Structure formats: C-alpha cells, structure tokens
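To start, the structure under review is shown below, and the notes come after it.
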Amino acid sequence: MNVLEEWTALVCRELGIDPARVDRDAVLDLTRDVAHGVARPAAPLTAYLVGLAQGAGTAPDDAVERLSSLARDWEKTAAETPGDA
C-alpha cells in the first residue's frame with residue numbers, strides 16, 4: 001500500500017466513508033484539470049464542492065467529467081465572457 005492509498009483509507013475511516021465508493025483517480029484527474037485549467041486554489045475547492053453535492057444527492061452522475069471538461073475549456077470560456085470570470 002502506498003502513501004496515497006494509506007491516506008485515503010485513513011480519511012475514509014475517519015469520515016465513515018466506504019473506500020470502495022471513492023474513485024480516487026477521478027478526483028485526482030479532476031483536481032489536476034482544475035489546477036491547470038483554472039487556478040491551483042480552485043482544485044481543492046472544486047473537490048470539496050463535488051463532495052458536498054454528492055453528499056446532498058444533487059450531483060449528476062457525470063459531475064466529475066463535466067467539471068473536468070469545463071476546467072479544460074476554462075481559458076476559452078473566460079475569454080468569451082470577460083468580466084464574468
């Protein structure tokens with residue numbers, strides 16, 4: 001078990017989450033896309049917001065994929081809507 005697996009298992013245990021429900025790779029991919037496409041501080045914020053939405057039952061099934069796509073297209077989207085970004 002590597003450090004990331006150990007940390008994930010520990011956090012899941014502390015939070016009462018079944019580790020089998022955690023798609024760690026998807027979360028890491030999302031945070032990478034957001035950090036590179038939007039801004040580094042937006043990555044943990046996005047992961048937290050996805051977690052809140054998942055917990056509330058309001059996140060669509062494809063939330064992570066949709067947000068990754070938005071992050072990858074952020075520069076183009078922000079350029080098209082100046083002042084909103």
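Starting from 1 in every chain, residues are counted up; chains themselves are A, B, ... following the order of the structure tokens, and ligands are numbered from 1 as listed.
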Pick out the residues sitting within 12 Å of Trp74 of chain A, and hand them over as a PyMOL selection string; count only C-alpha atoms, and ignore anything fewer than 5 positions along from it in its own chain. chain A and resi 33-39+42+66-69+79-82+84-85
Quick one: of A:Ala63, A:Met1, A:Leu10, A:Ala56, who's nearest to Ala26 of chain A, counting only C-alpha atoms?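 Among the listed residues, the smallest separation from Ala26 of chain A belongs to A:Ala63.
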Who sits within 10 Å of Val27 of chain A, only C-alpha atoms, same chain under 3 positions skipped, as JSON, numbers by chain: {"A": [22, 23, 24, 30, 31, 32, 33, 43, 44, 46, 47, 50, 51, 64, 65, 68]}
Can I get the selection written as an mmCIF file, in the first residue's frame, with N, CA, C and O atoms?
data_model
loop_
_atom_site.group_PDB
_atom_site.id
_atom_site.type_symbol
_atom_site.label_atom_id
_atom_site.label_comp_id
_atom_site.auth_asym_id
_atom_site.auth_seq_id
_atom_site.Cartn_x
_atom_site.Cartn_y
_atom_site.Cartn_z
ATOM 1 N N VAL A 22 -15.057 5.484 -3.312
ATOM 2 C CA VAL A 22 -14.191 6.609 -3.675
ATOM 3 C C VAL A 22 -13.439 6.290 -4.964
ATOM 4 O O VAL A 22 -12.664 5.346 -5.017
ATOM 5 N N ASP A 23 -13.686 7.084 -5.982
ATOM 6 C CA ASP A 23 -12.941 6.956 -7.228
ATOM 7 C C ASP A 23 -11.787 7.957 -7.163
ATOM 8 O O ASP A 23 -11.868 9.067 -7.684
ATOM 9 N N ARG A 24 -10.744 7.538 -6.461
ATOM 10 C CA ARG A 24 -9.598 8.419 -6.199
ATOM 11 C C ARG A 24 -9.001 8.949 -7.493
ATOM 12 O O ARG A 24 -8.675 10.132 -7.599
ATOM 13 N N LEU A 30 -9.711 15.248 -11.849
ATOM 14 C CA LEU A 30 -10.490 16.482 -11.776
ATOM 15 C C LEU A 30 -9.649 17.612 -11.199
ATOM 16 O O LEU A 30 -9.586 18.698 -11.766
ATOM 17 N N THR A 31 -8.997 17.363 -10.070
ATOM 18 C CA THR A 31 -8.225 18.430 -9.438
ATOM 19 C C THR A 31 -7.045 18.854 -10.310
ATOM 20 O O THR A 31 -6.698 20.033 -10.354
ATOM 21 N N ARG A 32 -6.453 17.920 -11.050
ATOM 22 C CA ARG A 32 -5.385 18.282 -11.987
ATOM 23 C C ARG A 32 -5.919 19.196 -13.076
ATOM 24 O O ARG A 32 -5.330 20.246 -13.382
ATOM 25 N N ASP A 33 -7.069 18.821 -13.666
ATOM 26 C CA ASP A 33 -7.648 19.632 -14.732
ATOM 27 C C ASP A 33 -7.997 21.031 -14.240
ATOM 28 O O ASP A 33 -7.749 22.022 -14.933
ATOM 29 N N ALA A 43 -8.712 23.964 -7.353
ATOM 30 C CA ALA A 43 -8.746 22.494 -7.349
ATOM 31 C C ALA A 43 -9.333 21.921 -6.060
ATOM 32 O O ALA A 43 -10.294 21.150 -6.117
ATOM 33 N N PRO A 44 -8.790 22.267 -4.882
ATOM 34 C CA PRO A 44 -9.394 21.704 -3.663
ATOM 35 C C PRO A 44 -10.811 22.217 -3.426
ATOM 36 O O PRO A 44 -11.662 21.484 -2.923
ATOM 37 N N THR A 46 -13.034 22.887 -5.737
ATOM 38 C CA THR A 46 -13.901 22.108 -6.618
ATOM 39 C C THR A 46 -14.143 20.714 -6.054
ATOM 40 O O THR A 46 -15.280 20.229 -6.045
ATOM 41 N N ALA A 47 -13.085 20.070 -5.573
ATOM 42 C CA ALA A 47 -13.238 18.730 -4.989
ATOM 43 C C ALA A 47 -14.179 18.775 -3.786
ATOM 44 O O ALA A 47 -15.030 17.898 -3.618
ATOM 45 N N VAL A 50 -17.782 19.248 -5.048
ATOM 46 C CA VAL A 50 -18.296 17.990 -5.599
ATOM 47 C C VAL A 50 -18.695 17.060 -4.454
ATOM 48 O O VAL A 50 -19.750 16.423 -4.498
ATOM 49 N N GLY A 51 -17.872 17.003 -3.418
ATOM 50 C CA GLY A 51 -18.193 16.171 -2.259
ATOM 51 C C GLY A 51 -19.483 16.609 -1.578
ATOM 52 O O GLY A 51 -20.304 15.772 -1.189
ATOM 53 N N VAL A 64 -18.151 14.829 -12.281
ATOM 54 C CA VAL A 64 -16.693 14.937 -12.357
ATOM 55 C C VAL A 64 -16.255 15.145 -13.802
ATOM 56 O O VAL A 64 -15.430 16.019 -14.092
ATOM 57 N N GLU A 65 -16.832 14.389 -14.718
ATOM 58 C CA GLU A 65 -16.474 14.525 -16.131
ATOM 59 C C GLU A 65 -16.870 15.901 -16.659
ATOM 60 O O GLU A 65 -16.105 16.532 -17.395
ATOM 61 N N SER A 68 -14.465 18.507 -15.204
ATOM 62 C CA SER A 68 -13.155 18.393 -15.857
ATOM 63 C C SER A 68 -13.187 19.059 -17.225
ATOM 64 O O SER A 68 -12.263 19.786 -17.598
#
Segment 1-83 of chain A: residues DSSP assigns to alpha helix (DSSP H), reported as a PyMOL selection string: chain A and resi 3-15+24-37+42-56+63-72+74-80
Atom CA of Ala53 of chain A to atom CA of Lys76 of chain A measures 25.9 Å
Length of the atom CA of Pro60 of chain A to atom CA of Thr77 of chain A vector [Å]: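 Value for the atom CA of Pro60 of chain A-atom CA of Thr77 of chain A distance: 21.6 Å.
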From A:Ala78, A:Ala71, A:Leu4, A:Ala59, residue lying nearest Asp25 of chain A [only C-alpha atoms]: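 Between A:Ala78, A:Ala71, A:Leu4, A:Ala59, the residue approaching Asp25 of chain A most closely is A:Leu4.
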